[in-house]
Structures are given as structure tokens and as C-alpha cells.
file query-v5.txt (compact mmCIF, C-alpha atoms)
# COMPACT_ATOMS: atom_id res chain seq x y z
CA MET A 713 -42.20 5.16 -31.70
CA GLU A 714 -45.39 3.50 -32.81
CA LYS A 715 -45.14 0.37 -34.87
CA HIS A 716 -46.07 1.38 -38.37
CA TYR A 717 -47.63 -1.49 -40.25
CA THR A 718 -47.43 -0.79 -43.96
CA ASP A 719 -49.77 -3.47 -45.12
CA SER A 720 -48.28 -4.34 -48.46
CA LYS A 721 -50.69 -6.24 -50.64
CA VAL A 722 -48.29 -5.96 -53.54
CA LYS A 723 -47.11 -9.39 -54.60
CA GLY A 724 -43.89 -10.10 -56.36
CA VAL A 725 -41.19 -7.53 -56.84
CA SER A 726 -42.27 -4.15 -55.56
CA THR A 727 -40.53 -0.86 -55.56
CA GLY A 728 -40.89 -0.09 -51.89
CA THR A 729 -39.54 3.24 -52.82
CA THR A 730 -39.07 6.95 -52.52
CA ILE A 731 -39.79 9.18 -55.48
CA LEU A 732 -39.85 12.93 -55.58
CA ALA A 733 -40.37 15.72 -58.10
CA ALA A 734 -40.04 19.47 -57.65
CA VAL A 735 -40.43 22.47 -59.93
CA PHE A 736 -37.74 25.16 -59.84
CA ASP A 737 -37.23 28.36 -61.75
CA GLY A 738 -36.84 27.21 -65.34
CA GLY A 739 -37.20 23.45 -64.97
CA VAL A 740 -38.08 20.45 -62.90
CA VAL A 741 -36.11 17.88 -60.92
CA ILE A 742 -37.38 14.33 -60.61
CA GLY A 743 -35.59 11.76 -58.49
CA SER A 744 -35.79 8.36 -56.88
CA ASP A 745 -33.90 5.84 -54.79
CA SER A 746 -32.68 2.64 -56.46
CA ARG A 747 -33.81 -0.31 -54.36
CA ALA A 748 -36.21 -2.98 -55.63
CA SER A 749 -37.25 -5.61 -53.10
CA ILE A 750 -39.56 -8.57 -52.57
CA GLY A 751 -41.66 -7.68 -49.58
CA GLY A 752 -38.77 -6.05 -47.79
CA ASP A 753 -36.98 -9.38 -47.26
CA TYR A 754 -34.78 -9.62 -50.29
CA ILE A 755 -33.31 -6.79 -52.34
CA SER A 756 -33.66 -7.87 -55.93
CA SER A 757 -31.93 -4.82 -57.33
CA LYS A 758 -29.63 -2.27 -55.69
CA THR A 759 -29.35 -0.06 -58.73
CA MET A 760 -32.73 0.15 -60.32
CA ASN A 761 -33.65 3.41 -61.98
CA LYS A 762 -37.23 4.27 -61.17
CA VAL A 763 -37.28 7.39 -63.31
CA ILE A 764 -38.29 6.27 -66.78
CA GLN A 765 -38.13 8.38 -69.88
CA VAL A 766 -41.40 8.46 -71.82
CA HIS A 767 -40.39 11.20 -74.23
CA ASP A 768 -37.54 13.66 -74.89
CA ARG A 769 -38.45 16.05 -72.12
CA ILE A 770 -40.93 13.95 -70.14
CA PHE A 771 -40.00 11.49 -67.40
CA CYS A 772 -42.01 9.29 -65.11
CA GLY A 773 -41.27 8.19 -61.55
CA ILE A 774 -42.81 4.85 -60.61
CA ALA A 775 -43.93 3.37 -57.32
CA GLY A 776 -45.69 0.15 -56.43
CA SER A 777 -45.57 -3.09 -58.36
CA LEU A 778 -42.60 -3.07 -60.74
CA ALA A 779 -44.29 -5.32 -63.25
CA ASP A 780 -47.38 -3.13 -63.44
CA ALA A 781 -45.32 0.05 -63.66
CA GLN A 782 -43.16 -1.27 -66.47
CA ALA A 783 -46.14 -2.51 -68.45
CA VAL A 784 -47.97 0.78 -68.09
CA THR A 785 -45.01 2.98 -68.95
CA LYS A 786 -44.21 0.85 -71.99
CA ALA A 787 -47.75 1.26 -73.27
CA ALA A 788 -47.68 4.97 -72.47
CA LYS A 789 -44.39 5.42 -74.31
CA SER A 790 -45.74 3.96 -77.49
CA HIS A 791 -49.00 5.93 -77.25
CA LEU A 792 -47.03 9.11 -76.80
CA SER A 793 -44.62 8.62 -79.66
CA PHE A 794 -47.56 7.95 -81.97
CA HIS A 795 -49.38 10.99 -80.61
CA SER A 796 -46.34 13.16 -81.14
CA VAL A 797 -45.99 12.02 -84.75
CA GLN A 798 -49.66 12.79 -85.38
CA MET A 799 -49.39 16.25 -83.80
CA GLU A 800 -46.05 16.91 -85.46
CA SER A 801 -44.76 18.41 -82.23
CA PRO A 802 -43.48 17.22 -78.87
CA PRO A 803 -46.29 16.09 -76.56
CA LEU A 804 -47.45 18.22 -73.66
CA VAL A 805 -46.61 16.98 -70.18
CA VAL A 806 -50.31 16.89 -69.38
CA ALA A 807 -50.85 14.65 -72.41
CA ALA A 808 -48.30 12.16 -71.10
CA ALA A 809 -49.90 12.27 -67.69
CA SER A 810 -53.37 11.77 -69.17
CA VAL A 811 -52.23 8.73 -71.10
CA LEU A 812 -50.96 7.19 -67.86
CA LYS A 813 -54.08 8.22 -66.03
CA ASP A 814 -56.35 6.55 -68.59
CA LEU A 815 -54.41 3.32 -68.35
CA CYS A 816 -54.50 3.42 -64.55
CA TYR A 817 -58.16 4.32 -64.31
CA LYS A 818 -59.45 1.81 -66.84
CA ASN A 819 -57.47 -0.99 -65.24
CA LYS A 820 -57.76 0.14 -61.67
CA GLU A 821 -58.85 -3.29 -60.39
CA GLU A 822 -55.75 -5.07 -61.61
CA LEU A 823 -53.06 -2.42 -61.29
CA GLN A 824 -51.07 -1.50 -58.21
CA ALA A 825 -48.84 1.30 -59.38
CA GLY A 826 -48.62 5.06 -58.91
CA PHE A 827 -46.73 7.57 -61.07
CA MET A 828 -45.44 11.06 -61.09
CA THR A 829 -44.89 12.63 -64.49
CA ALA A 830 -42.47 15.53 -64.72
CA GLY A 831 -41.34 17.39 -67.77
CA TRP A 832 -41.06 20.54 -69.76
CA ASP A 833 -43.20 21.67 -72.68
CA ARG A 834 -43.50 24.83 -74.71
CA LYS A 835 -47.00 25.68 -73.56
CA LYS A 836 -46.66 25.70 -69.77
CA GLY A 837 -42.98 25.19 -69.05
CA PRO A 838 -41.97 22.88 -66.23
CA GLN A 839 -44.81 20.84 -64.71
CA ILE A 840 -45.46 17.87 -62.49
CA TYR A 841 -48.54 15.64 -62.58
CA VAL A 842 -49.34 12.93 -60.08
CA VAL A 843 -51.33 9.88 -61.11
CA ALA A 844 -52.42 8.16 -57.92
CA LEU A 845 -53.31 4.50 -57.43
CA GLY A 846 -56.94 4.61 -58.58
CA GLY A 847 -56.30 6.89 -61.51
CA MET A 848 -56.64 10.40 -60.09
CA LEU A 849 -54.67 13.12 -61.91
CA LEU A 850 -53.35 16.12 -60.00
CA ASN A 851 -51.03 19.00 -60.89
CA GLN A 852 -48.57 19.98 -58.15
CA GLN A 853 -45.43 22.07 -57.71
CA VAL A 854 -43.73 19.51 -55.53
CA THR A 855 -44.70 15.95 -54.83
CA ILE A 856 -43.36 12.85 -53.11
CA GLY A 857 -44.41 9.23 -53.38
CA GLY A 858 -43.65 5.67 -52.41
CA SER A 859 -43.26 4.07 -49.00
CA GLY A 860 -40.33 6.26 -48.02
CA SER A 861 -42.25 9.44 -48.67
CA THR A 862 -44.11 9.37 -45.33
CA TYR A 863 -40.87 10.19 -43.51
CA ILE A 864 -40.15 13.32 -45.51
CA PHE A 865 -43.52 15.07 -45.61
CA GLY A 866 -42.43 17.35 -42.80
CA TYR A 867 -39.07 18.06 -44.42
CA VAL A 868 -40.57 18.80 -47.84
CA ASP A 869 -43.33 20.99 -46.37
CA ALA A 870 -40.74 22.98 -44.46
CA LYS A 871 -37.99 23.22 -47.03
CA TYR A 872 -39.60 23.54 -50.45
CA LYS A 873 -39.89 27.07 -51.78
CA PRO A 874 -41.28 28.02 -55.19
CA ASN A 875 -38.79 29.49 -57.70
CA MET A 876 -35.62 28.01 -56.26
CA THR A 877 -32.52 27.95 -58.42
CA ARG A 878 -31.46 24.76 -60.10
CA GLU A 879 -28.64 24.11 -57.61
CA GLU A 880 -30.91 24.72 -54.61
CA CYS A 881 -33.51 22.38 -56.00
CA VAL A 882 -31.05 19.60 -56.75
CA GLN A 883 -29.67 19.92 -53.22
CA PHE A 884 -33.20 19.89 -51.78
CA ALA A 885 -34.07 16.74 -53.75
CA THR A 886 -30.85 14.98 -52.77
CA ASN A 887 -31.36 15.80 -49.08
CA ALA A 888 -34.97 14.65 -49.13
CA LEU A 889 -34.10 11.34 -50.80
CA ALA A 890 -31.21 10.78 -48.40
CA LEU A 891 -33.44 11.40 -45.39
CA ALA A 892 -36.10 9.01 -46.67
CA MET A 893 -33.55 6.33 -47.48
CA GLY A 894 -32.18 6.74 -43.98
CA ARG A 895 -35.50 5.84 -42.38
CA ASP A 896 -37.26 3.53 -44.83
CA ASN A 897 -35.79 0.05 -45.00
CA VAL A 898 -37.22 -0.64 -48.45
CA SER A 899 -35.67 2.47 -49.99
CA GLY A 900 -31.94 2.76 -50.50
CA GLY A 901 -28.97 2.46 -52.78
CA VAL A 902 -28.13 5.48 -54.88
CA ALA A 903 -30.10 8.61 -55.63
CA HIS A 904 -31.10 8.97 -59.27
CA LEU A 905 -31.94 12.52 -60.29
CA VAL A 906 -33.03 13.90 -63.65
CA VAL A 907 -33.00 17.64 -64.21
CA ILE A 908 -35.25 18.71 -67.10
CA THR A 909 -35.11 22.18 -68.63
CA GLU A 910 -35.96 23.67 -71.98
CA LYS A 911 -32.44 23.19 -73.20
CA GLU A 912 -31.44 19.78 -71.96
CA VAL A 913 -31.94 16.78 -69.78
CA GLU A 914 -29.25 15.97 -67.23
CA HIS A 915 -28.92 12.72 -65.29
CA VAL A 916 -27.26 12.99 -61.91
CA VAL A 917 -26.45 9.88 -59.92
CA VAL A 918 -25.41 10.33 -56.30
CA PRO A 919 -23.81 7.14 -55.00
CA GLY A 920 -24.49 5.98 -51.44
CA ASP A 921 -21.27 7.24 -49.92
CA LYS A 922 -21.70 10.72 -51.41
CA LEU A 923 -25.21 11.20 -50.05
CA PRO A 924 -25.61 13.94 -47.44
CA ARG A 925 -25.12 12.71 -43.90
CA PHE A 926 -27.06 13.89 -40.90
CA HIS A 927 -26.17 14.28 -37.30
CA ASP A 928 -26.61 10.75 -36.09
CA GLU A 929 -24.84 8.94 -38.92
CA MET B 92 -63.54 0.59 -24.11
CA ALA B 93 -65.70 -0.10 -27.17
CA ALA B 94 -69.28 0.48 -26.04
CA ALA B 95 -71.78 -1.65 -27.93
CA ALA B 96 -74.82 0.57 -28.27
CA SER B 97 -77.95 -1.45 -28.72
CA MET B 98 -81.27 0.35 -28.81
CA MET B 99 -84.79 -0.66 -27.89
CA PRO B 100 -86.46 -2.88 -30.45
CA ILE B 101 -88.65 -0.86 -32.75
CA PHE B 102 -91.27 -2.89 -34.60
CA GLY B 103 -89.21 -5.96 -33.93
CA HIS B 104 -86.00 -4.47 -35.38
CA GLN B 105 -82.89 -4.49 -33.23
CA ILE B 106 -80.67 -1.56 -34.12
CA SER B 107 -77.28 -2.94 -33.15
CA SER B 108 -73.92 -1.30 -33.13
CA LYS B 109 -73.05 -2.96 -36.42
CA ASN B 110 -75.60 -0.79 -38.13
CA ASP B 111 -74.67 2.44 -39.86
CA LEU B 112 -77.23 4.27 -37.81
CA VAL B 113 -75.01 3.98 -34.78
CA PRO B 114 -72.17 6.46 -35.30
CA ASP B 115 -68.51 5.52 -35.44
CA TRP B 116 -67.61 7.08 -32.17
CA ASN B 117 -69.91 4.86 -30.17
CA ARG B 118 -68.00 1.76 -31.05
CA GLU B 119 -64.44 2.87 -31.70
CA GLU B 120 -61.94 2.93 -28.90
CA VAL B 121 -60.69 6.29 -27.75
CA SER B 122 -57.17 6.76 -29.03
CA THR B 123 -54.61 9.48 -28.83
CA GLY B 124 -53.61 9.15 -32.51
CA THR B 125 -51.03 11.76 -31.98
CA THR B 126 -47.68 13.43 -32.38
CA ILE B 127 -45.35 13.67 -29.39
CA MET B 128 -41.75 14.79 -29.19
CA ALA B 129 -39.01 15.14 -26.59
CA VAL B 130 -35.54 16.72 -26.93
CA GLU B 131 -32.62 16.82 -24.50
CA TYR B 132 -30.55 19.95 -24.06
CA ASP B 133 -27.72 20.77 -21.72
CA GLY B 134 -29.55 21.38 -18.46
CA GLY B 135 -32.95 19.89 -19.16
CA VAL B 136 -35.48 18.62 -21.65
CA VAL B 137 -38.18 20.07 -23.86
CA ILE B 138 -41.33 18.04 -24.47
CA GLY B 139 -44.26 18.72 -26.75
CA ALA B 140 -47.50 17.21 -28.00
CA ASP B 141 -50.55 18.01 -30.09
CA SER B 142 -53.96 18.08 -28.42
CA ARG B 143 -56.28 15.81 -30.39
CA THR B 144 -57.99 12.69 -29.03
CA THR B 145 -60.14 10.74 -31.47
CA THR B 146 -62.71 7.98 -31.38
CA GLY B 147 -62.72 6.91 -34.98
CA ALA B 148 -63.48 10.03 -36.99
CA TYR B 149 -64.84 12.03 -34.08
CA ILE B 150 -62.52 14.29 -32.12
CA ALA B 151 -63.44 13.45 -28.56
CA ASN B 152 -61.18 16.09 -27.06
CA ARG B 153 -59.53 18.86 -29.08
CA VAL B 154 -57.63 20.36 -26.17
CA THR B 155 -56.15 17.23 -24.60
CA ASP B 156 -53.15 17.46 -22.36
CA LYS B 157 -50.90 14.59 -23.33
CA LEU B 158 -48.01 15.80 -21.20
CA THR B 159 -48.62 14.05 -17.92
CA ARG B 160 -46.79 14.77 -14.68
CA ILE B 161 -45.24 11.72 -13.09
CA HIS B 162 -43.13 13.54 -10.55
CA ASP B 163 -41.87 17.09 -9.90
CA ARG B 164 -39.24 16.96 -12.61
CA ILE B 165 -40.42 13.96 -14.63
CA TYR B 166 -43.12 14.04 -17.29
CA CYS B 167 -44.36 11.57 -19.85
CA CYS B 168 -45.81 12.08 -23.34
CA ARG B 169 -48.61 9.64 -24.13
CA SER B 170 -49.58 8.09 -27.46
CA GLY B 171 -51.74 5.12 -28.34
CA SER B 172 -54.84 4.11 -26.43
CA ALA B 173 -55.94 6.92 -24.14
CA ALA B 174 -57.26 4.53 -21.51
CA ASP B 175 -54.15 2.38 -21.46
CA THR B 176 -51.73 5.28 -21.21
CA GLN B 177 -53.71 7.04 -18.52
CA ALA B 178 -53.85 3.85 -16.47
CA ILE B 179 -50.14 3.15 -16.84
CA ALA B 180 -49.20 6.73 -16.00
CA GLU B 181 -51.28 6.58 -12.83
CA VAL B 182 -49.68 3.34 -11.73
CA VAL B 183 -46.18 4.62 -12.42
CA SER B 184 -46.85 7.92 -10.63
CA TYR B 185 -47.91 5.99 -7.58
CA GLN B 186 -44.95 3.62 -7.68
CA LEU B 187 -42.50 6.45 -8.23
CA GLY B 188 -43.99 8.60 -5.48
CA PHE B 189 -43.67 5.75 -3.05
CA HIS B 190 -40.11 4.99 -4.15
CA SER B 191 -39.13 8.63 -3.78
CA VAL B 192 -40.44 8.74 -0.23
CA GLU B 193 -38.50 5.59 0.61
CA LEU B 194 -35.33 7.07 -0.86
CA ASP B 195 -35.96 10.49 0.65
CA GLU B 196 -34.67 11.97 -2.60
CA PRO B 197 -36.11 13.06 -5.93
CA PRO B 198 -36.33 9.99 -8.19
CA LEU B 199 -34.21 9.41 -11.27
CA VAL B 200 -35.68 9.73 -14.76
CA GLU B 201 -34.19 6.35 -15.56
CA THR B 202 -36.16 4.84 -12.69
CA ALA B 203 -39.41 6.29 -14.02
CA ALA B 204 -38.60 5.01 -17.49
CA ASN B 205 -37.91 1.54 -16.14
CA LEU B 206 -41.21 1.50 -14.28
CA PHE B 207 -43.01 2.35 -17.53
CA ARG B 208 -41.08 -0.30 -19.34
CA ALA B 209 -41.88 -2.92 -16.71
CA SER B 210 -45.64 -2.34 -17.05
CA CYS B 211 -45.59 -2.01 -20.83
CA TYR B 212 -43.54 -5.15 -21.30
CA ARG B 213 -45.39 -7.35 -18.83
CA TYR B 214 -48.77 -6.50 -20.30
CA ARG B 215 -47.58 -6.05 -23.85
CA GLU B 216 -50.32 -8.28 -25.31
CA GLU B 217 -53.11 -6.27 -23.72
CA LEU B 218 -51.73 -2.76 -24.02
CA MET B 219 -51.41 -0.30 -26.85
CA ALA B 220 -49.16 2.41 -25.48
CA GLY B 221 -46.22 4.36 -26.88
CA ILE B 222 -44.68 6.60 -24.26
CA LEU B 223 -41.84 9.11 -24.07
CA VAL B 224 -40.46 9.66 -20.56
CA ALA B 225 -38.52 12.87 -20.09
CA GLY B 226 -37.20 14.85 -17.18
CA TRP B 227 -34.31 16.18 -15.19
CA ASP B 228 -32.43 14.68 -12.28
CA ARG B 229 -29.23 15.57 -10.46
CA ARG B 230 -27.27 12.58 -11.61
CA LYS B 231 -27.57 12.77 -15.40
CA GLY B 232 -29.29 16.08 -16.12
CA GLY B 233 -31.88 16.18 -18.87
CA GLN B 234 -32.82 12.77 -20.27
CA VAL B 235 -35.32 11.38 -22.78
CA TYR B 236 -36.32 7.72 -22.75
CA CYS B 237 -38.46 6.07 -25.38
CA VAL B 238 -40.83 3.22 -24.42
CA PRO B 239 -42.57 2.22 -27.66
CA ILE B 240 -45.32 -0.37 -28.16
CA GLY B 241 -43.97 -3.74 -27.08
CA GLY B 242 -42.08 -2.44 -24.08
CA MET B 243 -38.57 -1.64 -25.27
CA LEU B 244 -36.56 0.98 -23.41
CA VAL B 245 -33.95 3.15 -25.03
CA ARG B 246 -32.48 6.53 -24.22
CA GLN B 247 -32.23 8.98 -27.12
CA PRO B 248 -31.22 12.64 -27.34
CA VAL B 249 -34.31 13.33 -29.40
CA ALA B 250 -37.41 11.17 -29.85
CA VAL B 251 -40.75 11.44 -31.62
CA GLY B 252 -43.77 9.21 -31.30
CA GLY B 253 -47.36 8.70 -32.30
CA SER B 254 -49.05 8.37 -35.66
CA GLY B 255 -47.91 11.80 -36.82
CA SER B 256 -44.28 11.12 -36.07
CA THR B 257 -43.59 9.27 -39.33
CA TYR B 258 -44.10 12.48 -41.28
CA VAL B 259 -41.43 14.38 -39.40
CA TYR B 260 -38.55 11.91 -39.20
CA GLY B 261 -36.93 13.56 -42.20
CA PHE B 262 -37.39 17.04 -40.74
CA MET B 263 -36.04 15.95 -37.39
CA ASP B 264 -33.04 14.13 -38.85
CA SER B 265 -32.03 17.16 -40.87
CA ASN B 266 -32.72 19.86 -38.29
CA TYR B 267 -31.56 18.40 -34.99
CA LYS B 268 -27.95 18.89 -34.00
CA PRO B 269 -26.36 18.03 -30.68
CA GLY B 270 -25.70 21.09 -28.53
CA LEU B 271 -28.91 23.06 -29.11
CA ASN B 272 -30.03 25.39 -26.33
CA LYS B 273 -33.45 25.50 -24.72
CA ASP B 274 -35.00 28.06 -27.07
CA GLN B 275 -33.74 26.26 -30.15
CA CYS B 276 -35.21 23.04 -28.81
CA LEU B 277 -38.56 24.72 -28.23
CA GLU B 278 -38.55 26.08 -31.76
CA LEU B 279 -37.56 22.74 -33.26
CA THR B 280 -40.30 20.94 -31.33
CA ALA B 281 -42.97 23.49 -32.23
CA SER B 282 -42.02 23.36 -35.92
CA ALA B 283 -41.93 19.58 -36.07
CA LEU B 284 -45.27 19.25 -34.30
CA SER B 285 -46.83 21.84 -36.56
CA LEU B 286 -45.64 20.01 -39.69
CA ALA B 287 -46.92 16.70 -38.38
CA MET B 288 -50.29 18.19 -37.44
CA GLU B 289 -50.63 19.50 -40.99
CA ARG B 290 -50.26 16.04 -42.47
CA ASP B 291 -51.66 13.61 -39.90
CA GLY B 292 -55.43 13.49 -39.61
CA SER B 293 -55.20 12.14 -36.07
CA SER B 294 -53.08 15.04 -34.81
CA GLY B 295 -54.18 18.61 -34.45
CA GLY B 296 -55.52 21.32 -32.19
CA VAL B 297 -52.99 23.28 -30.18
CA ILE B 298 -49.37 22.57 -29.35
CA ARG B 299 -48.56 22.00 -25.71
CA LEU B 300 -44.93 22.50 -24.74
CA ALA B 301 -43.06 22.11 -21.49
CA SER B 302 -39.46 22.58 -20.53
CA ILE B 303 -38.08 20.76 -17.50
CA SER B 304 -34.86 21.73 -15.76
CA GLU B 305 -33.40 22.01 -12.31
CA ASP B 306 -35.39 25.19 -11.77
CA GLY B 307 -38.71 23.55 -12.45
CA VAL B 308 -41.29 23.02 -15.16
CA GLU B 309 -42.39 25.77 -17.53
CA ARG B 310 -45.51 25.04 -19.58
CA ARG B 311 -46.84 26.89 -22.55
CA VAL B 312 -49.49 26.53 -25.22
CA ILE B 313 -49.31 27.58 -28.87
CA LEU B 314 -52.80 28.23 -30.20
CA GLY B 315 -53.98 27.47 -33.72
CA ASP B 316 -53.41 30.89 -35.22
CA GLN B 317 -49.91 31.15 -33.78
CA LEU B 318 -48.67 27.80 -35.10
CA PRO B 319 -45.44 28.00 -37.11
CA ARG B 320 -46.30 28.20 -40.78
CA PHE B 321 -44.32 27.04 -43.75
CA SER B 322 -44.52 28.15 -47.35
CA THR B 323 -47.65 26.68 -48.88
CA HIS B 324 -47.55 25.04 -52.25

call {"tool": "encode", "arguments": {"input": "query-v5.txt", "output": "C-alpha cells"}}
result
Amino acid sequence: MEKHYTDSKVKGVSTGTTILAAVFDGGVVIGSDSRASIGGDYISSKTMNKVIQVHDRIFCGIAGSLADAQAVTKAAKSHLSFHSVQMESPPLVVAAASVLKDLCYKNKEELQAGFMTAGWDRKKGPQIYVVALGGMLLNQQVTIGGSGSTYIFGYVDAKYKPNMTREECVQFATNALALAMGRDNVSGGVAHLVVITEKEVEHVVVPGDKLPRFHDE
Amino acid sequence: MAAAASMMPIFGHQISSKNDLVPDWNREEVSTGTTIMAVEYDGGVVIGADSRTTTGAYIANRVTDKLTRIHDRIYCCRSGSAADTQAIAEVVSYQLGFHSVELDEPPLVETAANLFRASCYRYREELMAGILVAGWDRRKGGQVYCVPIGGMLVRQPVAVGGSGSTYVYGFMDSNYKPGLNKDQCLELTASALSLAMERDGSSGGVIRLASISEDGVERRVILGDQLPRFSTH
């Protein structure tokens, strides 16, 4: 196996992490691991939730510098609640993503955080938007991020199908997170999942010992 | 080797290799940024690799054969610097051939792996080579040994290597089970390589597969249009 140098220029506490979001028939699942570490040497939190709620039906998965991500999502949350009062209706998922994108793009020199925004709105149903490090905005059906994501590209490419059922999608997300946590030393802990549909938002937490196991474990 | 291309002075200007006018591939080292894989099954091994060799952004060879014969029933999969791995493979082939004549017996896969490890470890500072050694012998059947950069040696039932391998760890962990037969191994290897080639810029081209057993070595090639495809999204 080749030595894989992930050159981390992120200082301070970073969410070396795995985040994932996938659209299924009628909703979207967004999930993450729960480990926060300082450069991979010290785990500063075993139970951090990296899926942050920015509005009733809109959630954000964060990767990169924790401090930057928290600051940005806090600003985005307040922007969005103001926006939703002005519009007198719940914000669109793309609006939430755009707010994040603007913050990331305008401050691209200082920030070191990436986001995936997943949610449901009346106009387009379940959607996922990725805001990458420099401030690019992209709409995708399934997306993965964070340091642990490199190990599951093959799995996600092979296993994701459009229009899965809710149970299939939750199982797919849990498996993918478990596989990434099994290979990435800065991802781990429990799997946090949020299932967003028109009707409700459900939090599912899969503790470490209940995660799917694979042949060599 | 990085060739420094310096051109004739024109009007007193020296166009050196640091200039943008000299393309990337004149100064970058040739590397098999790659995806390689080897799987044991009961009775033999299956090995596979992509076929891309790059110098920087230029694909120097798009039909490379990274599955190199070391002995009748022992092959190696090469990743890392093309020059380094070719040189090491030649040295080991020679050493193993000689050893086999002395023994008057086909050599063991473990012996071949140890020879690779000896070279890779001794010259670890100078070399950039990640190698999978796989084959069949009478004593232990099909075996796969991993000799990554740095010169460690470990036997594994299934191993992947190269730059593209990181993308398929998850797929491999979830899809490999002990007790697969030869055809299942071939399918697993082809799928994993195809997924890696889709994501890794340094891997691509065709898939070369080989299966090694007591009966011999069977080689095949999967061309671009026949690569396993997965649902696109």
C-alpha cells in the first residue's frame, strides 16, 4: 500500500472526518462520524455531531477546521432565519447553500472548511448541495466529504442507486460511514444520521458496537 | 530519471527546464501512479492492474503491463516509480532464477517476497516502490504478499496498492469474503479496478488480469468499452 500523505495545513482542532449525504425516494439522508481531533494525535471529542441544523428541514455537514465551520454555520443560521421571516415561508435548500457559498467564497483566503447542505423544500423536494473549499456550489444526488471519504469512493460509486427506499438508503449510509471509519484513523466514534422528509426529521445514532462489521473485523 | 532539457541559447536567452515552455513531461519522473490488486483463492491467486504510466500530466504509456513475471508461477504487481520497480523486479527475477536452479525445485512465493523486501528495505531511502507479490507454490498454495514503500513484508488474503487503491478500500472491505472461487475473485478485482480507475487520475486505460494456479498462468485484458460499469449519478 502506498503511503498516503494527507498534508493537513489545518491548525487547531480539525474534523478529520467522514460526511455523506444521499437522496432517496421522498427524502434525503445526511450522516457523519463523530471524531474531532488535533492533527490526528489527540481525539478532542469522541461524540461530536458534525451535522448541524440550519433550519427546520435543512441540515449541514461540516468538514475541515471546526472553528471555521462553526463560525460559518452560525452566521448562515441567522441569515436564513431572517430570510425566512422576510419571505414568510421556509427557505429553499438552495438558498441555504447559497448563503454558505457566499460566506465561503468571500472569505476564501481565511477559511478552511467545506460543507454539504441537505434538506427538503416544497419547490424541488429533497436536494443536496456541496460547497467546496474555495466556494464552489454544486448540486448532487449523492456526495461524500472529509478525509475518510477517499476510502469509500469506490463503495459509493458501486452501491448508490437513485430512488432507493428510506431503509435501503439508511443502510447504505451506515455501511459507507462504517467502512470509512474502519480505514481512516481520524474518523470514528458513532455514526450520526439525519433523515429528512417532507413530514419529519429523524435523528438516528448508531453507536460503535452496533456498526456493521466486515469480514476482517 | 528527471531529464533537464536545456535548449540552445537564442539571442542570449537560455530556455531552461524551469521555464513553462518546456513541458511537464520532460522534467517529471516516470511513475506508475496506479491501481493494483491481488486476491488469494483456494488453489491460486488472481492479480490485476490498470495500464497507465504517467510523467506528470502526460500519459507516457496507456497500455502498460504492470504484471511482471518473476518466475513460472510467481508474478508481481508494480506501483510507484516505473524505473525503480522495473530494476527491482529484474534483480529479484535473477536472484530467484538462480536460487531455483540451486534448489532444483520451483521457488516458494514467500522466498520471492522476501527477496523483494530485502531490496526494498535496504535501499528504502533511494527507492519509491510499492509491490504486491503473488503466486502459487506446492507448499502453501496461492499466496499474496504486500511489500509497500519502506520495505515491510506482510501476507494478506487480499491486497490493493497504488494511488488509486485508497478509493476502493471501502468497496474491497465490504465485498471480499473468505472462500471466494476464482471467477468471483476475477469479478471482484475487475470491479474494484474499474471503480478506482474512474476516480484516480493516475489510473486508467485497460484492465490486465492474470490468474495463477498449479496449472499455470492465464492472462486476460478487459478493454475500455468492456469495463464493468456502475450506475451513474

call {"tool": "residues_around", "arguments": {"input": "query-v5.txt", "residues": "Gly292 (chain B)", "least_positions_apart": "3", "cutoff": "10 Å", "atoms": "all atoms listed in the file", "output": "mmCIF file with C-alpha atoms, in the frame of the given file"}}
result
data_model
loop_
_atom_site.group_PDB
_atom_site.id
_atom_site.type_symbol
_atom_site.label_atom_id
_atom_site.label_comp_id
_atom_site.auth_asym_id
_atom_site.auth_seq_id
_atom_site.Cartn_x
_atom_site.Cartn_y
_atom_site.Cartn_z
ATOM 1 C CA GLY B 124 -53.610 9.150 -32.510
ATOM 2 C CA THR B 125 -51.030 11.760 -31.980
ATOM 3 C CA ARG B 143 -56.280 15.810 -30.390
ATOM 4 C CA THR B 145 -60.140 10.740 -31.470
ATOM 5 C CA ALA B 148 -63.480 10.030 -36.990
ATOM 6 C CA SER B 254 -49.050 8.370 -35.660
ATOM 7 C CA GLY B 255 -47.910 11.800 -36.820
ATOM 8 C CA ALA B 287 -46.920 16.700 -38.380
ATOM 9 C CA MET B 288 -50.290 18.190 -37.440
ATOM 10 C CA GLU B 289 -50.630 19.500 -40.990
ATOM 11 C CA GLY B 295 -54.180 18.610 -34.450
#

call {"tool": "closest_residue", "arguments": {"input": "query-v5.txt", "among": "B:Pro319, B:Gly296, B:Gly226, B:Pro239", "to": "chain A", "atoms": "all atoms listed in the file"}}
result
B:Pro239

call {"tool": "interface_residues", "arguments": {"input": "query-v5.txt", "of": "chain B", "to": "chain A", "cutoff": "6 Å", "atoms": "only C-alpha atoms", "output": "JSON, numbers by chain"}}
result
{"B": [239, 252, 253, 257, 258, 259, 260, 261, 262, 265, 268, 286, 321]}

call {"tool": "atom_distance", "arguments": {"input": "query-v5.txt", "atom1": "CA of Ser810 (chain A)", "atom2": "CA of Asn875 (chain A)"}}
result
25.7 Å

call {"tool": "atom_distance", "arguments": {"input": "query-v5.txt", "atom1": "CA of Arg769 (chain A)", "atom2": "CA of Asp737 (chain A)"}}
result
16.1 Å

call {"tool": "residues_near_point", "arguments": {"input": "query-v5.txt", "point": "(-32.2, -7.9, -52.1)", "cutoff": "12 Å", "atoms": "only C-alpha atoms", "output": "MDAnalysis selection string"}}
result
chainID A and resid 725:728 746:760 897:901

call {"tool": "residues_around", "arguments": {"input": "query-v5.txt", "residues": "Asp780 (chain A)", "least_positions_apart": "6", "cutoff": "10 Å", "atoms": "all atoms listed in the file", "output": "JSON, numbers by chain"}}
result
{"A": [726, 774, 786, 816, 822, 823, 824, 825, 826]}

call {"tool": "axis_aligned_box", "arguments": {"input": "query-v5.txt", "around": "region 764-768 of chain A", "padding_each_side": "6 Å", "output": "JSON"}}
result
{"center_x": -39.5, "center_y": 10.0, "center_z": -70.8, "size_x": 15.9, "size_y": 19.4, "size_z": 20.1}

call {"tool": "atom_distance", "arguments": {"input": "query-v5.txt", "atom1": "CA of Pro248 (chain B)", "atom2": "CA of Val235 (chain B)"}}
result
6.3 Å

call {"tool": "closest_residue", "arguments": {"input": "query-v5.txt", "among": "B:Trp227, B:Ser256, B:Ala209, B:Met128", "to": "Ser293 (chain B)", "atoms": "all atoms listed in the file"}}
result
B:Ser256

call {"tool": "closest_residue", "arguments": {"input": "query-v5.txt", "among": "B:Ile138, B:Ala151, B:Ile240, B:Leu206", "to": "Gly171 (chain B)", "atoms": "all atoms listed in the file"}}
result
B:Ile240
